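Notes follow the structure.
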Amino acid sequence: MSSLVVAHLYPEHLNIYADRGNMMVLRDRCLRRGIGFELIPCGPGDGTPRADLYYLGGGQDRDQSLVAADLLRRAGELRAAADSGSLVLGVCGGYQMLGHRYLARDGREIPGVGLVDLETSAGESRMIGNISIRCELDGQELVVVGFENHAGRTQLGPGVQPLGRVLHGNGNNGRDGGEGVLAGGVIGTYIHGPLLPKNPALADWLIRRALAAREGEVELEPLDDGLAEQARRVALRLVES
Amino acid sequence: MKFTAKVAAARAVAGLSRVTRTGGGTTAPGKLLLSLDHDAIRRLAARLERGSVVISATNGKTTTAKMLAGLLEPELEICHNRSGANLTSGVATALLDSAGKSVGVFEVDEAALPSASAALDPAVLVLGNLFRDQLDRYGELEAIGAAWAELTGGLEASCTLVRNGDDPLLASLPSGAAGTVTFGIADSSAALAEMPHAADSKWCARCGHRLVYTAVFLGHLGGWECPACGNRRPALDVSAAAIEQEGLDACSFTLQTPLGERRVRLPVAGMYNVYNALAAAAAAHALGGVELDRIVTGLERFDPAFGRFERVSVGGEEALLLLVKNPAGANEVLRTLALDERPKRLLMALNDRTADGRDVSWIWDVDFELLAPAAVVTTGTRAAEMALRLAYAGVDDQRMIVQPDLEAALDRALADGDGPLYLLATYTAMLDLRGVLADRGIVRPYWEAE
C-alpha cells in the first residue's frame with residue numbers, strides 16, 4: 001500500500017495560521033482512499049527526515065528568527081529532496097523563508113534557505129484580506145481561494161513562475177499580479193485559511209505530485225467534497241465583496 | 001380590593017410558581033399585579049427611599065445592572081430584577097420584594113423603557129447603547145430612538161441621565177431638566193482599525209449628515225463628530241483609559257471619574273464589558289454616596305461565570321450562550337462543555353466580520369474534536385466552513401445542518417432532538433444571536449431567577 005510521508009517543519013514555531021488544518025486535510029484525503037499517512041514533526045536540532053512533502057508554515061517574526069538558522073542548516077538536504085521529486089511547501093512566512101532573504105523594515109536581513117529564486121522585503125502596510133488566484137497545475141486549471149495577511153512584498157527572480165495569477169487580492173507584492181511560486185518541487189504561497197480545506201483539488205494535486213517520485217502515477221479516486229465545495233463557494237463569493 | 005391585598009395576591013402567585021417550578025415566576029406575578037392595579041409600579045417604587053436606577057440598552061443591560069448591583073451591595077439593600085425579566089411585568093414582579101429595600105436597580109427593555117421609566121420615576125436613568133447593526137431592526141431602532149428622545153426630553157431635575165457619549169444617538173438625546181453624566185472610552189489605542197462592516201454608515205441624529213469618527217471602539221461607539229452641524233461626542237465625565245485585554249478572562253483599564261482615577265481589573269473580557277463597567281460606575285456616581293473604592297472593589301469582584309457562560313431559556317429549553325473568538329478561549333469553552341457528558345445539541349455561529357476577525361483560520365486551531373455532539377447546526381457568514389471544520393473533527397456530516405441564517409438555524413437547533421443546547425458564536429454572531437433572542441423577548445438569564 002502506498003503511503004504519504006509528510007515532514008512538518010517546526011510545527012511548534014511556525015503554526016500561526018492554523019497550519020495543522022493543512023495536515024488534517026492531507027491525512028484525511030489519503031486515509032479515505034486507503035493511502036497511508038505518516039506525519040513527522042521536525043523541530044530545531046532534529047535530523048531532517050526523508051519525506052514526500054516538507055511543510056513549512058508561518059510564524060511570528062520572533063518565532064521565524066528562532067528557526068531561521070536551523071532551517072539554513074537543512075538547505076542541502078531540502079534541495080536534494082526537492083531534486084529527487086519530493087515537494088517542499090511553504091505557506092506565508094514559510095514561503096518567504098524558501099527564498100534568498102527577507103529584508104525587514106529596520107534593514108535587518110534574515111537569510112532564507114534559498115530553494116527558489118525569490119526575495120521578500122517588508123512593506124509599509126500589511127496586505128490583508130480574502131484572496132483568490134487562478135493556477136494551472138499539470139495542465140489542470142483551478143482557482144485557489146483563501147486569506148492573505150502579510151507585510152512582505154515578494155519578488156520572484158527572472159523566469160520564476162508564480163503559483164497562480166491573482167483574481168482578487170494582492171498576492172506576492174500587490175503589483176505584478178503573481179501569487180506564490182511554483183518552481184519544480186518547491187511551492188510557496190501566501191494563501192492560508194488554511195490553504196487546503198477549501199481547495200481540495202490543490203490538496204489532491206499535492207498528494208499526487210508528492211507520491212509520484214516513489215509510487216509513480218497514482219490514481220486518486222474522487223471523494224465526496226460537498227462541504228468543502230459549499231465552504232468554497234461562500235469564500236469565492238466573499239472574496240468578490 | 002385594597003392595594004396591599006393586590007400585592008398579596010401577586011406575591012401568592014410568585015410563591016406558587018416557585019413551588020411548582022412552572023416558570024413564569026419572574027413575570028406572571030407582576031402581570032397579575034399590573035392587571036389589578038396599573039399604577040402598581042409607581043406605588044411600589046415609591047417605597048424605595050433612594051429611588052431607582054433604570055438601565056436600558058440594546059446590549060449589556062443585564063451585565064451593567066449586575067455590575068451596579070454588585071457595587072451597591074451589601075451596603076445598600078437593593079431591589080433588582082436580576083432574572084433579566086425586563087418588561088414592566090418583570091419590574092413589577094421584582095418590586096413585590098421592595099419592602100425594606102433602599103434602592104432599585106432595574107434593567108428595562110428598550111421598547112418598554114418609556115412606560116417603565118414613567119412609572120419608576122428614576123433617580124438615575126442609564127442609557128448604554130442603541131445598536132442598529134441588524135438591518136432588519138433598523139426601523140424599530142429608529143422608533144425606539146424617537147421614543148427615548150421624548151422620554152429624556154421630559155426628564156425632571158430630580159433625575160440624572162447617565163449616557164454613553166460614544167453612542168452618537170444617545171449623546172444627541174435631549175436631557176430635559178436632568179443633570180447628565182457622560183461615559184465613554186478615552187483610549188484611542190483601543191480603537192478598531194476600521195468601522196465594523198455592519199456599522200458602516202452612521203448619520204448625525206441632529207442634521208442627518210454622515211458622521212466622522214476619530215476612533216471606533218465597538219459597533220458605532222467611538223469618538224465621533226458631525227462635520228456639518230458641529231454635533232460631537234460630549235466631554236466624558238467617566239471614562240476608561242489605557243485598556244488592556246487579557247484574553248477572554250479579564251481586562252484592565254484606568255477608570256477616570258470626578259472622584260479620582262483608579263486602575264481596575266475587571267474579571268470579564270471585551271470592550272463590551274468595559275462599557276458595561278463604565279455605565280455601572282457612572283450610575284453609582286450619579287446615585288451619589290458611593291465612594292470610588294467601593295466602585296472599584298465592586299467591579300473587580302464581578303462574578304465572571306455568567307459573563308462567558310450565559311444561561312438563557314429559549315422556547316422553554318435550557319441553552320448556554322458561549323462567546324468564542326479565538327483558539328485559546330474557544331478551547332477553554334470546549335473543555336468545559338466536554339465535562340457535560342449528556343448528548344448535546346450545538347449551534348455554532350461563525351461570522352467573519354471585522355470584529356470577529358475576517359480570517360477564520362483560527363477555527364482549525366480549536367479542538368472541536370473534544371465535542372461529541374448529537375446534533376449540530378452551523379450558521380453565520382462562514383456556516384459551511386464551520387461545518388467543514390467540524391467534519392474534520394469527526395462530527396458525522398449526516399448530523400450537521402448548514403443554515404447560514406442565524407434565526408432559522410436557531411429554530412432548527414431548537415427543533416432537533418433534546419438535550420442541552422449550546423449556542424457558540426463569534427463576536428458579531430453573538431450580538432446577532434442575542435438580538436434574535438431579544439427580539440423574541442427571551443434574553444432572560446434565569447440563573448438568578450429563583
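Going by the C-alpha cells order, chains are called A, B, ..., each with residues numbered from 1, while ligands are numbered from 1 in the order shown.
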Query - Residue contacts of Ser121 (chain A) (6 Å, only C-alpha atoms) excluding same-chain residues fewer than 4 positions away, as a PyMOL selection string - result: chain A and resi 102-103+152-153
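Within 8 Å of chain A, counting only C-alpha atoms, chain B contributes Arg358, Asp359, Val360, Ser361, Trp362, Ile363, Trp364, Asp365, Arg382, Ala383, Ala384, Glu385, Ala387, Leu388 and Tyr392 of chain B.
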Report task. Write out as a list in words which residues come within 9 Å of Phe368 (chain B) when counting only C-alpha atoms, dropping same-chain ones fewer than 3 positions away. Result -> Ala330, Asn331, Leu334, Ile363, Trp364, Asp365, Leu371, Ala372, Arg389, Leu390, Tyr392, Ala393, Gly394 and Val395 of chain B
Query - Who sits within 10 Å of region 227-234 of chain B, only C-alpha atoms, same chain under 3 positions skipped, as a ChimeraX atom specification - result: /B:164-168,170-172,182-184,204-213,222-224,237
Restricting it to C-alpha atoms, dump the selection as a tab-separated table (two decimals), in the first residue's frame.
```
chain	number	residue	atom	x	y	z
B	164	ASN	CA	-22.85	56.63	26.70
B	165	GLY	CA	-21.22	59.57	24.96
B	166	ASP	CA	-19.60	57.26	22.45
B	167	ASP	CA	-23.02	56.42	21.07
B	168	PRO	CA	-23.98	59.33	18.83
B	170	LEU	CA	-27.66	58.57	22.84
B	171	ALA	CA	-25.36	61.56	23.17
B	172	SER	CA	-27.69	63.52	20.91
B	182	THR	CA	-21.46	61.05	30.25
B	183	PHE	CA	-19.28	58.00	30.00
B	184	GLY	CA	-17.12	56.66	27.22
B	204	CYS	CA	-25.92	62.69	12.64
B	205	ALA	CA	-29.00	62.48	14.83
B	206	ARG	CA	-29.39	66.25	14.57
B	207	CYS	CA	-28.80	67.10	10.95
B	208	GLY	CA	-28.52	63.77	9.14
B	209	HIS	CA	-25.03	64.37	7.80
B	210	ARG	CA	-22.59	61.50	7.75
B	211	LEU	CA	-20.59	61.37	10.96
B	212	VAL	CA	-16.81	61.33	11.03
B	213	TYR	CA	-15.15	59.01	13.54
B	222	GLY	CA	-16.48	55.79	19.44
B	223	GLY	CA	-15.14	59.28	19.09
B	224	TRP	CA	-17.38	60.99	16.57
B	237	ASP	CA	-17.22	62.54	32.93
```
**Report entry** Long-range neighbours of Ser3 (chain A) as a ChimeraX atom specification, 8 Å cut-off, only C-alpha atoms, 4 positions minimum in chain
**Finding:** /A:30,35-38,211
**Report entry** Shell around Ala118 (chain B) at 10 Å using only C-alpha atoms, local window under 5 positions removed, as a list of chain:residue names
**Finding:** B:Ile41, B:Arg42, B:Leu113, B:Leu151, B:Gly154, B:Leu155
**Report entry** DSSP helix (DSSP H, G or I) residues within region 70-278 of chain B, as an MDAnalysis selection string
**Finding:** chainID B and resid 70:72 88:95 113:120 135:153 168:171 188:190 197:199 271:278
**Report entry** Nearest-residue call for Tyr54 (chain A), choices A:Ile187, A:Leu236, A:Leu142, A:Leu163, using only C-alpha atoms
**Finding:** A:Ile187
Report task. Write out as an MDAnalysis selection string all residues of region 64-110 of chain A that DSSP puts in strand (DSSP E) for this structure's backbone. Result -> chainID A and resid 87:91 101:103 109:110
**Report entry** Selected residue of minimal separation from Leu218 (chain B) among B:Pro420, B:Gly100, B:Gly270, B:Gly357, counting only C-alpha atoms
**Finding:** B:Gly270
**Report entry** Shell of 9 Å around Ala68 (chain A), only C-alpha atoms, local chain residues under 6 positions omitted, as number ranges by chain
**Finding:** A: 97, 110-113
Same residues, N, CA and C atoms, saved as a PDB file, in the first residue's frame:
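Now in out28.pdb:
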```
ATOM      1  N   MET A  97      10.584  32.172   3.667  1.00  0.00           N
ATOM      2  CA  MET A  97      11.837  31.533   4.089  1.00  0.00           C
ATOM      3  C   MET A  97      12.415  30.613   3.019  1.00  0.00           C
ATOM      4  N   ILE A 110      17.190  38.759   7.061  1.00  0.00           N
ATOM      5  CA  ILE A 110      17.074  37.403   7.579  1.00  0.00           C
ATOM      6  C   ILE A 110      17.275  36.454   6.404  1.00  0.00           C
ATOM      7  N   PRO A 111      18.347  35.678   6.438  1.00  0.00           N
ATOM      8  CA  PRO A 111      18.620  34.813   5.296  1.00  0.00           C
ATOM      9  C   PRO A 111      17.593  33.697   5.183  1.00  0.00           C
ATOM     10  N   GLY A 112      17.211  33.376   3.962  1.00  0.00           N
ATOM     11  CA  GLY A 112      16.302  32.270   3.709  1.00  0.00           C
ATOM     12  C   GLY A 112      17.085  31.046   3.280  1.00  0.00           C
ATOM     13  N   VAL A 113      16.361  29.984   3.020  1.00  0.00           N
ATOM     14  CA  VAL A 113      17.001  28.713   2.708  1.00  0.00           C
ATOM     15  C   VAL A 113      17.400  28.632   1.227  1.00  0.00           C
TER      16      VAL A 113
END
```
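One distance worth recording is that between CA of Leu32 (chain B) and CA of Ala14 (chain B), which is 9.9 Å.
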